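Peer 1: This is the structure, below, for whatever I ask next.
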Amino acid sequence: MKNVKIAESAVIEDDVEIGEGTVIKEGVIIRSGTRIGKNNIIFPYAVIGEEPQDLRFRGERSGVIIGDGNIIREFVTIHRAAGEGENTIIGNGNYLMAYVHVGHNARIGNGAILVNGATLGGYAEVHDHAYISANVAVHQFTRVGEYAIVGGGFRVTKDVIPYALAAGEPLRIYGVNFLGLRRCGFSQEKREIIKEAVRILTRMGLNTSQAVERIRRELPDIEEIRKLLRFIETSKRGIAK
């Protein structure tokens with residue numbers, strides 16, 4: 001643990017790995033089986049690697065894997081996975097604000113932001129650069145696609161497609177996360193193509209299969225459209241419309 005700063009009141013169990021340059025502040029608890037990369041900052045009273053809140057859990061060996069450059073704020077809880085050899089996984093460059101909960105077997109990609117009180121159920125997924133607003137509850141097994149944004153206080157019970165702006169009760173797609181795409185360097189041409197794909201999916205009265213076929217037929221074969229279609233085709237809970 002080279003150049004790692006650990007407050008005296010932090011509790012770190014055996015079988016924990018912490019990468020160079022990581023800072024662990026007062027009252028943090030890190031349980032056995034946790035692997036933390038480089039240059040993370042973990043703020044007071046976060047708890048990482050605690051047993052999963054899963055009635056089927058029987059004490060099997062599992063863990064949490066956290067990448068590099070993450071900011072984990074006060075009272076965040078990240079539970080280890082259920083299932084022998086399984087892991088809850090958080091990538092690189094994410095910002096988890098105070099009181100965020102990451103349930104067992106959940107996965108967060110890179111560059112995502114989870115605002116205060118956001119909650120991920122077991123096996124939930126948050127993909128790269130997604131934005132989960134305050135007090136959003138993401139149902140277990142549900143996915144939020146890359147560059148999507150979910151408005152504050154709503155429930156995510158179906159998958160939120162990449163690039164979308166989602167809000168409402170029940171959750172609906174209101175359009176495209178144009179601000180996020182622009183900030184991340186998406187060209188105007190790509191933004192317009194994504195906008196048209198989302199319009200076909202959500203505004204034309206088509207079922208999902210019909211919308212996918214129309215997108216394939218009418219829109220350019222760019223990587224962003226391929227990712228969108230792969231996301232839809234691999235959905236297990238269905239997509240918010």
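Letters A, B, ... go to the chains of the structure tokens in the order shown; residues in each chain start at 1; ligands are counted from 1 in the same order.
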Dump as CSV the rows for residues of segment 20-69 of chain A within 10 Å of segment 106-117 of chain A: closest atom pair and distance in Å with one decimal, only C-alpha atoms counted, ordered by chain and rising residue number.

Peer 2:
residue,atom,partner,partner_atom,distance
A:Val64,CA,A:Ala106,CA,9.7
A:Ile65,CA,A:Arg107,CA,9.7
A:Ile66,CA,A:Ile108,CA,9.4
A:Gly67,CA,A:Asn110,CA,8.9
A:Asp68,CA,A:Asn110,CA,9.5
A:Gly69,CA,A:Gly111,CA,9.5

Peer 1: Applying 9 Å and only C-alpha atoms, which residues near Arg58 of chain A remain after dropping the ones on its own chain fewer than 3 positions away? List them as a ChimeraX atom specification.

Peer 2: /A:55,82-83

Peer 1: Taking C-alpha atoms for each residue, export the selection above as a JSON list (two decimals), in the first residue's frame.

Peer 2:
[["chain", "number", "residue", "atom", "x", "y", "z"],
["A", 55, "LEU", "CA", -31.58, -13.71, 2.33],
["A", 82, "ALA", "CA", -23.68, -12.82, -3.21],
["A", 83, "GLY", "CA", -22.37, -16.04, -4.75]]

Peer 1: From segment 5-237 of chain A, collect each residue whose DSSP state is alpha helix (DSSP H) and return the set as a ChimeraX atom specification.

Peer 2: /A:178-183,188-203,208-218,223-233

Peer 1: Check the smallest atom-to-atom distance from each of A:Ile149, A:Leu165, A:Val100, A:Leu229 to Asn135 of chain A using only C-alpha atoms, then report the winner.

Peer 2: A:Val100

Peer 1: At a cut-off of 7 Å, using only C-alpha atoms, what residues contact segment 37-50 of chain A? Leave out same-chain residues fewer than 3 positions from it and give the result as a PDB file with C-alpha atoms, in the first residue's frame.

Peer 2:
ATOM      1  CA  ILE A  18      -5.492  -0.689  -1.656  1.00  0.00           C
ATOM      2  CA  GLY A  19      -3.696   0.960  -4.565  1.00  0.00           C
ATOM      3  CA  GLU A  20      -1.126   3.725  -4.567  1.00  0.00           C
ATOM      4  CA  GLY A  21      -2.296   7.254  -3.814  1.00  0.00           C
ATOM      5  CA  THR A  22      -5.647   6.307  -2.289  1.00  0.00           C
ATOM      6  CA  VAL A  23      -6.880   8.324   0.709  1.00  0.00           C
ATOM      7  CA  ILE A  24      -9.098   6.716   3.355  1.00  0.00           C
ATOM      8  CA  LYS A  25     -10.596   9.142   5.836  1.00  0.00           C
ATOM      9  CA  GLU A  26     -11.968   8.900   9.361  1.00  0.00           C
ATOM     10  CA  GLY A  27     -14.361   6.121  10.312  1.00  0.00           C
ATOM     11  CA  VAL A  28     -14.229   4.275   6.998  1.00  0.00           C
ATOM     12  CA  ILE A  29     -14.813   0.505   7.258  1.00  0.00           C
ATOM     13  CA  ILE A  30     -13.385  -1.783   4.578  1.00  0.00           C
ATOM     14  CA  ARG A  31     -14.221  -5.477   4.889  1.00  0.00           C
ATOM     15  CA  SER A  32     -12.257  -8.526   3.817  1.00  0.00           C
ATOM     16  CA  THR A  34     -12.229  -5.715  -1.086  1.00  0.00           C
ATOM     17  CA  GLY A  63     -15.887  -9.268  -2.748  1.00  0.00           C
ATOM     18  CA  VAL A  64     -15.910  -5.717  -4.055  1.00  0.00           C
ATOM     19  CA  ILE A  66     -13.125  -0.718  -7.201  1.00  0.00           C
ATOM     20  CA  GLY A  67     -10.968   0.806  -9.945  1.00  0.00           C
ATOM     21  CA  ASP A  68      -8.941   4.018 -10.005  1.00  0.00           C
ATOM     22  CA  GLY A  69      -9.724   7.663  -9.432  1.00  0.00           C
ATOM     23  CA  ASN A  70     -13.117   7.315  -7.763  1.00  0.00           C
ATOM     24  CA  ILE A  71     -14.584   9.720  -5.215  1.00  0.00           C
ATOM     25  CA  ILE A  72     -16.711   7.993  -2.574  1.00  0.00           C
ATOM     26  CA  ARG A  73     -18.371  10.431  -0.215  1.00  0.00           C
ATOM     27  CA  GLU A  74     -19.688  10.241   3.351  1.00  0.00           C
ATOM     28  CA  PHE A  75     -21.788   7.247   4.472  1.00  0.00           C
ATOM     29  CA  VAL A  76     -21.728   5.494   1.096  1.00  0.00           C
ATOM     30  CA  THR A  77     -22.374   1.754   1.434  1.00  0.00           C
ATOM     31  CA  ILE A  78     -21.040  -0.725  -1.127  1.00  0.00           C
ATOM     32  CA  HIS A  79     -21.963  -4.334  -0.385  1.00  0.00           C
ATOM     33  CA  ARG A  80     -20.003  -7.337  -1.514  1.00  0.00           C
TER      34      ARG A  80
END

Peer 1: Please return as a ChimeraX atom specification: the residues of segment 17-193 of chain A that backbone DSSP assigns to strand (DSSP E or B).

Peer 2: /A:17-18,23-24,29-30,34-36,41-42,47-50,63-66,71-72,77-79,87-90,95-96,101-102,107-108,113-114,119-120,125-126,131-132,137-138,143-144,149-150,155-156,159-160,164-167,172-176

Peer 1: So that I can check the surroundings of Ala134 of chain A, please list as JSON, numbers by chain every protein, DNA and RNA residue that reaches within 10 Å of it, counting only C-alpha atoms and ignoring chain neighbours fewer than 3 positions away.

Peer 2: {"A": [97, 98, 99, 100, 114, 115, 116, 117, 118, 119, 131, 137, 150, 151, 152, 153, 154]}

Peer 1: Could you save those same residues with C-alpha atoms as a PDB file, in the first residue's frame?

Peer 2:
ATOM      1  CA  MET A  97     -22.067  11.291  -3.376  1.00  0.00           C
ATOM      2  CA  ALA A  98     -23.143  11.003   0.260  1.00  0.00           C
ATOM      3  CA  TYR A  99     -25.486   8.175   1.309  1.00  0.00           C
ATOM      4  CA  VAL A 100     -25.362   6.383  -2.045  1.00  0.00           C
ATOM      5  CA  LEU A 114     -24.591   9.007  -8.444  1.00  0.00           C
ATOM      6  CA  VAL A 115     -26.032  11.911  -6.484  1.00  0.00           C
ATOM      7  CA  ASN A 116     -26.894  11.904  -2.770  1.00  0.00           C
ATOM      8  CA  GLY A 117     -29.156   9.068  -1.674  1.00  0.00           C
ATOM      9  CA  ALA A 118     -29.231   7.199  -4.991  1.00  0.00           C
ATOM     10  CA  THR A 119     -29.766   3.475  -4.411  1.00  0.00           C
ATOM     11  CA  TYR A 131     -26.006  10.381 -14.218  1.00  0.00           C
ATOM     12  CA  ALA A 137     -34.088   3.974  -6.612  1.00  0.00           C
ATOM     13  CA  VAL A 150     -32.382   9.950 -14.530  1.00  0.00           C
ATOM     14  CA  GLY A 151     -34.222  12.806 -12.825  1.00  0.00           C
ATOM     15  CA  GLY A 152     -34.308  13.080  -9.040  1.00  0.00           C
ATOM     16  CA  GLY A 153     -36.559  11.026  -6.794  1.00  0.00           C
ATOM     17  CA  PHE A 154     -37.941   8.600  -9.382  1.00  0.00           C
TER      18      PHE A 154
END

Peer 1: Go through segment 118-168 of chain A residue by residue and, counting only C-alpha atoms, keep those with an atom at most 10 Å from segment 192-213 of chain A; for each kept residue give the shortest atom pair and its distance in Å to one decimal, ordered by chain and increasing number, as JSON lines.

Peer 2:
{"residue": "A:Ile161", "atom": "CA", "partner": "A:Val198", "partner_atom": "CA", "distance": 8.7}
{"residue": "A:Pro162", "atom": "CA", "partner": "A:Val198", "partner_atom": "CA", "distance": 9.4}
{"residue": "A:Tyr163", "atom": "CA", "partner": "A:Ile194", "partner_atom": "CA", "distance": 7.6}
{"residue": "A:Ala164", "atom": "CA", "partner": "A:Val198", "partner_atom": "CA", "distance": 7.5}

Peer 1: Which residues are near Gly121 of chain A? Cut-off 7 Å, only C-alpha atoms, ignore same chain within fewer than 4 positions. Put them as a PyMOL selection string.

Peer 2: chain A and resi 102-103+138-140

Peer 1: For Val144 of chain A, which residue out of A:Arg216, A:Arg56, A:Arg237, A:Lys2 is the nearest one, using only C-alpha atoms?

Peer 2: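 The closest residue to Val144 of chain A is A:Arg237.
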
Peer 1: Which residue is closest to Arg143 of chain A? Choose from A:Glu189, A:Asp159, A:Asp15, A:Glu86 and count only C-alpha atoms.

Peer 2: A:Asp159

Peer 1: Quick one: pull the distance between atom CA of Ala240 of chain A and atom CA of Thr157 of chain A, Å, one decimal.

Peer 2: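 Those two atoms sit 8.1 Å apart.
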
Peer 1: When you look at Ala166 of chain A with a cut-off of 8 Å (counting only C-alpha atoms), what residues show up, excluding the ones that are within fewer than 5 positions of it in the same chain? I need them as a list of chain:residue names.

Peer 2: A:Ala148, A:Ile149, A:Val150, A:Gly151, A:Val160, A:Leu171, A:Arg172, A:Ile173, A:Tyr174, A:Gly175

Peer 1: Put those residues in a file: C-alpha atoms, as a short mmCIF file (atom, residue, chain, number, x, y, z; two decimals), in the first residue's frame.

Peer 2:
data_model
loop_
_atom_site.label_atom_id
_atom_site.label_comp_id
_atom_site.auth_asym_id
_atom_site.auth_seq_id
_atom_site.Cartn_x
_atom_site.Cartn_y
_atom_site.Cartn_z
CA ALA A 148 -28.30 8.57 -19.75
CA ILE A 149 -29.61 10.84 -17.00
CA VAL A 150 -32.38 9.95 -14.53
CA GLY A 151 -34.22 12.81 -12.83
CA VAL A 160 -33.12 3.30 -19.32
CA LEU A 171 -40.49 6.46 -15.48
CA ARG A 172 -40.62 7.68 -19.07
CA ILE A 173 -38.14 8.85 -21.69
CA TYR A 174 -38.53 12.59 -22.26
CA GLY A 175 -35.78 13.04 -24.80
#

Peer 1: Measuring between only C-alpha atoms, which one of A:Asn105, A:Ser9, A:Thr142, A:Ser133 shows the shortest distance to Gly85 of chain A?

Peer 2: A:Asn105
